$ cat query14.cif   # mmCIF, C-alpha atoms
data_target
#
loop_
_atom_site.label_atom_id
_atom_site.label_comp_id
_atom_site.auth_asym_id
_atom_site.auth_seq_id
_atom_site.Cartn_x
_atom_site.Cartn_y
_atom_site.Cartn_z
CA MET B 1 -52.29 105.38 -12.78
CA ALA B 2 -49.02 103.50 -13.19
CA GLN B 3 -47.31 104.00 -16.52
CA LYS B 4 -46.64 101.02 -18.75
CA PRO B 5 -43.00 100.18 -19.37
CA ALA B 6 -41.64 101.73 -22.51
CA ARG B 7 -41.57 99.36 -25.47
CA THR B 8 -38.13 98.36 -26.71
CA THR B 9 -39.09 97.37 -30.21
CA GLY B 10 -36.31 98.22 -32.61
CA VAL B 11 -33.63 98.58 -29.93
CA SER B 12 -30.40 96.89 -31.00
CA ARG B 13 -29.08 94.33 -28.52
CA PRO B 14 -25.95 92.17 -28.55
CA ARG B 15 -26.59 88.84 -30.21
CA ARG B 16 -24.78 85.76 -28.98
CA VAL B 17 -23.79 83.48 -31.83
CA ALA B 18 -24.45 79.83 -31.01
CA PRO B 19 -21.52 77.47 -31.59
CA GLY B 20 -21.79 74.47 -33.88
CA LYS B 21 -21.98 70.81 -32.93
CA ARG B 22 -19.64 69.32 -30.35
CA LEU B 23 -16.35 68.01 -31.64
CA THR B 24 -15.47 64.45 -30.67
CA ARG B 25 -12.14 62.66 -30.55
CA ALA B 26 -12.84 61.28 -34.02
CA PHE B 27 -12.47 64.81 -35.42
CA PHE B 28 -8.79 64.74 -34.42
CA ALA B 29 -8.03 61.30 -35.89
CA ARG B 30 -6.99 62.88 -39.18
CA ASP B 31 -4.02 64.58 -40.79
CA VAL B 32 -2.85 67.40 -38.53
CA LEU B 33 -2.70 69.73 -41.55
CA VAL B 34 -6.38 69.05 -42.19
CA VAL B 35 -7.47 69.46 -38.58
CA ALA B 36 -5.53 72.67 -37.89
CA PRO B 37 -7.30 75.01 -40.35
CA GLU B 38 -10.68 73.45 -39.49
CA LEU B 39 -10.19 74.54 -35.87
CA ILE B 40 -10.23 78.20 -36.92
CA GLY B 41 -13.66 79.48 -35.94
CA ALA B 42 -14.31 76.62 -33.50
CA THR B 43 -15.22 77.41 -29.88
CA PHE B 44 -12.87 76.22 -27.12
CA LEU B 45 -14.02 76.32 -23.49
CA VAL B 46 -12.54 75.17 -20.18
CA ASP B 47 -15.02 75.17 -17.30
CA GLY B 48 -17.22 77.43 -19.41
CA VAL B 49 -14.51 80.03 -20.02
CA GLY B 50 -13.04 80.64 -23.49
CA GLY B 51 -13.97 81.71 -26.96
CA VAL B 52 -13.44 81.34 -30.68
CA ILE B 53 -10.13 79.94 -31.92
CA VAL B 54 -8.52 82.46 -34.28
CA GLU B 55 -4.93 81.20 -34.56
CA VAL B 56 -3.21 77.79 -34.43
CA GLU B 57 -0.01 76.07 -35.52
CA ALA B 58 0.41 72.48 -36.70
CA TYR B 59 3.32 70.27 -35.61
CA HIS B 60 4.18 66.88 -37.15
CA HIS B 61 6.53 64.29 -35.69
CA THR B 62 8.60 64.21 -38.89
CA GLU B 63 9.88 67.78 -38.52
CA PRO B 64 12.36 69.06 -35.90
CA ALA B 65 10.13 71.80 -34.48
CA ALA B 66 7.80 69.16 -33.03
CA HIS B 67 8.37 68.07 -29.44
CA SER B 68 7.90 64.47 -30.60
CA PHE B 69 10.64 64.59 -33.25
CA ARG B 70 13.21 62.73 -31.11
CA GLY B 71 10.77 60.22 -29.68
CA PRO B 72 8.70 59.87 -26.53
CA THR B 73 9.69 61.43 -23.21
CA PRO B 74 7.81 61.79 -19.92
CA ARG B 75 6.79 65.31 -21.02
CA ASN B 76 5.48 64.51 -24.52
CA GLN B 77 4.12 60.99 -23.92
CA VAL B 78 0.52 62.07 -24.49
CA MET B 79 1.41 63.06 -28.08
CA PHE B 80 2.12 59.40 -28.87
CA GLY B 81 -1.25 58.26 -27.56
CA PRO B 82 -4.64 58.33 -29.24
CA PRO B 83 -5.97 61.53 -30.83
CA GLY B 84 -8.39 63.91 -29.16
CA PHE B 85 -6.46 64.61 -25.96
CA ALA B 86 -4.84 67.76 -24.57
CA TYR B 87 -1.06 68.10 -24.50
CA VAL B 88 -0.03 70.82 -22.04
CA TYR B 89 3.58 71.82 -21.47
CA ARG B 90 5.53 74.61 -19.83
CA SER B 91 7.15 77.01 -22.30
CA TYR B 92 10.46 78.65 -21.34
CA GLY B 93 9.69 77.71 -17.74
CA ILE B 94 7.17 80.57 -17.62
CA HIS B 95 3.75 79.76 -19.04
CA TRP B 96 1.65 76.80 -20.13
CA CYS B 97 0.77 76.01 -23.73
CA VAL B 98 -2.14 73.80 -24.80
CA ASN B 99 -2.15 71.53 -27.85
CA PHE B 100 -4.67 69.12 -29.36
CA VAL B 101 -3.24 65.69 -30.24
CA CYS B 102 -4.07 64.59 -33.79
CA GLU B 103 -3.65 61.62 -36.16
CA PRO B 104 -3.70 57.90 -35.25
CA GLU B 105 -1.98 56.65 -32.12
CA GLY B 106 1.80 56.71 -32.49
CA SER B 107 1.90 59.59 -34.98
CA ALA B 108 2.64 62.12 -32.23
CA SER B 109 1.33 65.18 -34.08
CA ALA B 110 -0.56 68.09 -32.54
CA VAL B 111 -2.07 71.54 -33.02
CA LEU B 112 -0.89 74.37 -30.78
CA ILE B 113 -3.68 76.80 -29.88
CA ARG B 114 -2.10 80.24 -30.26
CA ALA B 115 -4.99 82.68 -29.81
CA ILE B 116 -8.72 82.90 -29.23
CA GLU B 117 -11.30 85.66 -29.35
CA PRO B 118 -12.82 85.76 -25.83
CA THR B 119 -16.58 85.27 -25.79
CA LEU B 120 -17.49 83.54 -22.51
CA GLY B 121 -16.25 84.18 -18.98
CA ILE B 122 -14.58 87.45 -19.94
CA ASP B 123 -14.76 88.89 -16.41
CA GLU B 124 -12.99 85.80 -15.08
CA MET B 125 -10.35 86.14 -17.79
CA LYS B 126 -9.76 89.78 -16.85
CA ARG B 127 -9.34 88.82 -13.20
CA ARG B 128 -6.86 86.06 -13.98
CA ARG B 129 -4.84 88.21 -16.37
CA GLY B 130 -5.12 91.48 -14.47
CA LEU B 131 -6.12 93.25 -17.69
CA GLU B 132 -9.13 95.13 -19.02
CA ASP B 133 -8.25 95.10 -22.73
CA VAL B 134 -10.25 92.16 -24.13
CA ARG B 135 -8.07 92.05 -27.23
CA MET B 136 -5.00 91.28 -25.13
CA LEU B 137 -6.52 88.60 -22.91
CA CYS B 138 -5.87 85.60 -25.17
CA SER B 139 -3.61 86.90 -27.96
CA GLY B 140 -0.87 84.33 -27.43
CA PRO B 141 -0.51 80.69 -26.31
CA GLY B 142 0.60 81.59 -22.77
CA LYS B 143 -1.93 84.37 -22.42
CA LEU B 144 -4.90 82.19 -23.32
CA THR B 145 -3.95 79.40 -20.91
CA GLU B 146 -3.63 81.90 -18.06
CA ALA B 147 -6.96 83.50 -18.99
CA MET B 148 -8.73 80.14 -19.29
CA GLY B 149 -7.11 78.59 -16.22
CA VAL B 150 -5.29 75.85 -18.16
CA THR B 151 -2.40 74.18 -16.30
CA ILE B 152 -0.52 70.89 -16.27
CA ALA B 153 -3.58 69.47 -14.51
CA HIS B 154 -5.29 69.52 -17.93
CA ASN B 155 -2.56 67.50 -19.61
CA ALA B 156 -3.83 64.21 -21.12
CA LEU B 157 -7.49 65.14 -20.56
CA PRO B 158 -9.95 64.21 -23.34
CA LEU B 159 -11.08 67.08 -25.53
CA ASP B 160 -14.70 65.89 -25.62
CA ALA B 161 -15.41 65.65 -21.90
CA PRO B 162 -15.63 68.15 -19.02
CA PRO B 163 -13.98 70.43 -18.12
CA ILE B 164 -13.10 70.87 -21.81
CA GLU B 165 -15.71 71.65 -24.47
CA LEU B 166 -15.10 72.08 -28.18
CA PHE B 167 -17.69 73.12 -30.73
CA ALA B 168 -17.30 73.15 -34.50
CA ARG B 169 -17.47 76.48 -36.24
CA PRO B 170 -21.11 77.12 -37.23
CA ASP B 171 -20.23 78.68 -40.59
CA ASP B 172 -17.42 78.70 -43.10
CA VAL B 173 -14.66 81.21 -42.39
CA GLU B 174 -11.75 82.56 -44.39
CA VAL B 175 -8.50 81.06 -43.17
CA VAL B 176 -5.06 82.47 -43.95
CA THR B 177 -1.74 80.68 -43.63
CA GLY B 178 1.82 81.72 -42.84
CA VAL B 179 5.04 80.44 -41.34
CA ARG B 180 5.10 79.46 -37.69
CA ILE B 181 6.56 81.93 -35.23
CA GLY B 182 8.69 81.69 -32.11
CA ILE B 183 10.67 78.67 -33.34
CA THR B 184 14.18 78.18 -34.77
CA LYS B 185 13.73 74.92 -36.70
CA ALA B 186 11.62 74.15 -39.78
CA VAL B 187 10.79 77.86 -39.90
CA GLU B 188 9.90 77.73 -43.58
CA LYS B 189 6.80 75.55 -43.20
CA PRO B 190 3.54 77.53 -43.70
CA TRP B 191 1.79 75.70 -40.88
CA ARG B 192 0.37 78.68 -39.01
CA PHE B 193 -3.34 79.22 -39.62
CA GLY B 194 -5.51 82.18 -38.67
CA LEU B 195 -8.87 83.82 -39.07
CA LYS B 196 -8.51 86.44 -41.77
CA GLY B 197 -8.84 89.98 -40.42
CA SER B 198 -9.04 88.95 -36.76
CA ARG B 199 -7.63 91.52 -34.33
CA PHE B 200 -7.24 88.84 -31.65
CA VAL B 201 -4.31 86.93 -33.20
CA SER B 202 -0.94 86.95 -31.46
CA LYS B 203 0.80 88.53 -34.44
CA PRO B 204 -0.75 89.85 -37.67
CA PHE B 205 -0.39 87.72 -40.77
CA PRO B 206 1.53 89.44 -43.59
CA PRO B 207 -0.63 90.91 -46.37
CA SER B 208 0.79 88.27 -48.69
CA SER B 209 -0.56 85.40 -46.55
CA ARG B 210 -2.54 82.94 -48.62
CA GLY B 211 -5.78 81.16 -47.91
CA ALA B 212 -5.78 77.65 -46.49
#

$ encode --input "query14.cif" --output "structure tokens"
Amino acid sequence: MAQKPARTTGVSRPRRVAPGKRLTRAFFARDVLVVAPELIGATFLVDGVGGVIVEVEAYHHTEPAAHSFRGPTPRNQVMFGPPGFAYVYRSYGIHWCVNFVCEPEGSASAVLIRAIEPTLGIDEMKRRRGLEDVRMLCSGPGKLTEAMGVTIAHNALPLDAPPIELFARPDDVEVVTGVRIGITKAVEKPWRFGLKGSRFVSKPFPPSSRGA
């Protein structure tokens, strides 16, 4: 007589947390300093590959660290357009960085996505990055674009249409703030936001970092 399969009642299995509702362009038509911390905990996918946003930086056209500070150029033109579009640029001639354009048309403000916690398409990310350590796959703006396959081809694409998907965070999270990193101008502004306690950020926030 064939034996019945063993029952698995009580066996712990990984649980996939469902993301929240889809974010539309209207979400980005607000103050960049309001949008930025609300992106922490949101899910960002490109062709189904990505994860949970754990670190961002806000940039406003009125301060010299923003690419838009001196006005429109062929590179930053998308920043001056309507909100809810991707702004992708090459950093130091080496890697791509992806930003989300915010505020009404003409404001030219954006949020730089600095780090995500990989949750979907991890094998593809490992292949693209040539790494096995999940924590290191997307712990920086250039790392995450390489892992997610983001290039200049994604510049000026809408954030609420394929291949890009954005989902609101399903629950409240604790957000910490600190000064932006990797810049030489307006370094005093506390416009870097992160998920408190996340080990996937590009650089730990100081213990003295305050909540957003």

$ resolve_selection --input "query14.cif" --expression "the PyMOL selection byres ((chain B and resi 170) around 12)" --output "list of chain:residue names"
B:Val17, B:Ala18, B:Pro19, B:Gly20, B:Lys21, B:Arg22, B:Leu23, B:Glu38, B:Leu39, B:Ile40, B:Gly41, B:Ala42, B:Thr43, B:Val52, B:Leu166, B:Phe167, B:Ala168, B:Arg169, B:Asp171, B:Asp172, B:Val173

$ residues_near_point --input "query14.cif" --point "(-5.8, 85.6, -39.1)" --cutoff "12 Å" --atoms "only C-alpha atoms" --output "ChimeraX atom specification"
/B:37,40-41,53-57,114-117,139,173-178,192-212

$ atom_distance --input "query14.cif" --atom1 "atom CA of Gly130 of chain B" --atom2 "atom CA of Glu146 of chain B"
10.3 Å

$ resolve_selection --input "query14.cif" --expression "the PyMOL selection byres ((chain B and resi 152-164) around 8)" --output "PyMOL selection string"
chain B and resi 22-25+44-48+78+84-90+96+100+150-151+165-166

$ write_last_selection --input "query14.cif" --atoms "C-alpha atoms" --output "CSV table (one decimal), keeping the file's coordinate frame"
chain,number,residue,atom,x,y,z
B,22,ARG,CA,-19.6,69.3,-30.4
B,23,LEU,CA,-16.4,68.0,-31.6
B,24,THR,CA,-15.5,64.4,-30.7
B,25,ARG,CA,-12.1,62.7,-30.6
B,44,PHE,CA,-12.9,76.2,-27.1
B,45,LEU,CA,-14.0,76.3,-23.5
B,46,VAL,CA,-12.5,75.2,-20.2
B,47,ASP,CA,-15.0,75.2,-17.3
B,48,GLY,CA,-17.2,77.4,-19.4
B,78,VAL,CA,0.5,62.1,-24.5
B,84,GLY,CA,-8.4,63.9,-29.2
B,85,PHE,CA,-6.5,64.6,-26.0
B,86,ALA,CA,-4.8,67.8,-24.6
B,87,TYR,CA,-1.1,68.1,-24.5
B,88,VAL,CA,0.0,70.8,-22.0
B,89,TYR,CA,3.6,71.8,-21.5
B,90,ARG,CA,5.5,74.6,-19.8
B,96,TRP,CA,1.6,76.8,-20.1
B,100,PHE,CA,-4.7,69.1,-29.4
B,150,VAL,CA,-5.3,75.8,-18.2
B,151,THR,CA,-2.4,74.2,-16.3
B,165,GLU,CA,-15.7,71.6,-24.5
B,166,LEU,CA,-15.1,72.1,-28.2

$ residues_near_point --input "query14.cif" --point "(-1.8, 72.3, -41.3)" --cutoff "6 Å" --atoms "all atoms listed in the file" --output "PyMOL selection string"
chain B and resi 32-34+36+58+191

$ atom_distance --input "query14.cif" --atom1 "atom CA of Glu188 of chain B" --atom2 "atom CA of Val111 of chain B"
17.1 Å

$ atom_distance --input "query14.cif" --atom1 "atom CA of Glu105 of chain B" --atom2 "atom CA of Pro72 of chain B"
12.5 Å

$ residues_around --input "query14.cif" --residues "Lys126 of chain B" --least-positions-apart "6" --cutoff "12 Å" --atoms "only C-alpha atoms" --output "PDB file with C-alpha atoms, keeping the file's coordinate frame"
ATOM      1  CA  VAL B  49     -14.510  80.030 -20.020  1.00  0.00           C
ATOM      2  CA  GLY B  50     -13.040  80.640 -23.490  1.00  0.00           C
ATOM      3  CA  PRO B 118     -12.820  85.760 -25.830  1.00  0.00           C
ATOM      4  CA  LEU B 120     -17.490  83.540 -22.510  1.00  0.00           C
ATOM      5  CA  GLU B 132      -9.130  95.130 -19.020  1.00  0.00           C
ATOM      6  CA  ASP B 133      -8.250  95.100 -22.730  1.00  0.00           C
ATOM      7  CA  VAL B 134     -10.250  92.160 -24.130  1.00  0.00           C
ATOM      8  CA  ARG B 135      -8.070  92.050 -27.230  1.00  0.00           C
ATOM      9  CA  MET B 136      -5.000  91.280 -25.130  1.00  0.00           C
ATOM     10  CA  LEU B 137      -6.520  88.600 -22.910  1.00  0.00           C
ATOM     11  CA  CYS B 138      -5.870  85.600 -25.170  1.00  0.00           C
ATOM     12  CA  LYS B 143      -1.930  84.370 -22.420  1.00  0.00           C
ATOM     13  CA  LEU B 144      -4.900  82.190 -23.320  1.00  0.00           C
ATOM     14  CA  GLU B 146      -3.630  81.900 -18.060  1.00  0.00           C
ATOM     15  CA  ALA B 147      -6.960  83.500 -18.990  1.00  0.00           C
ATOM     16  CA  MET B 148      -8.730  80.140 -19.290  1.00  0.00           C
ATOM     17  CA  GLY B 149      -7.110  78.590 -16.220  1.00  0.00           C
TER      18      GLY B 149
END

$ residues_around --input "query14.cif" --residues "Gly71 of chain B" --least-positions-apart "5" --cutoff "9 Å" --atoms "all atoms listed in the file" --output "PyMOL selection string"
chain B and resi 61+76-77+80+108

$ residues_around --input "query14.cif" --residues "Lys189 of chain B" --least-positions-apart "2" --cutoff "7 Å" --atoms "all atoms listed in the file" --output "list in words"
Val179, Arg180, Ala186, Val187 and Trp191 of chain B
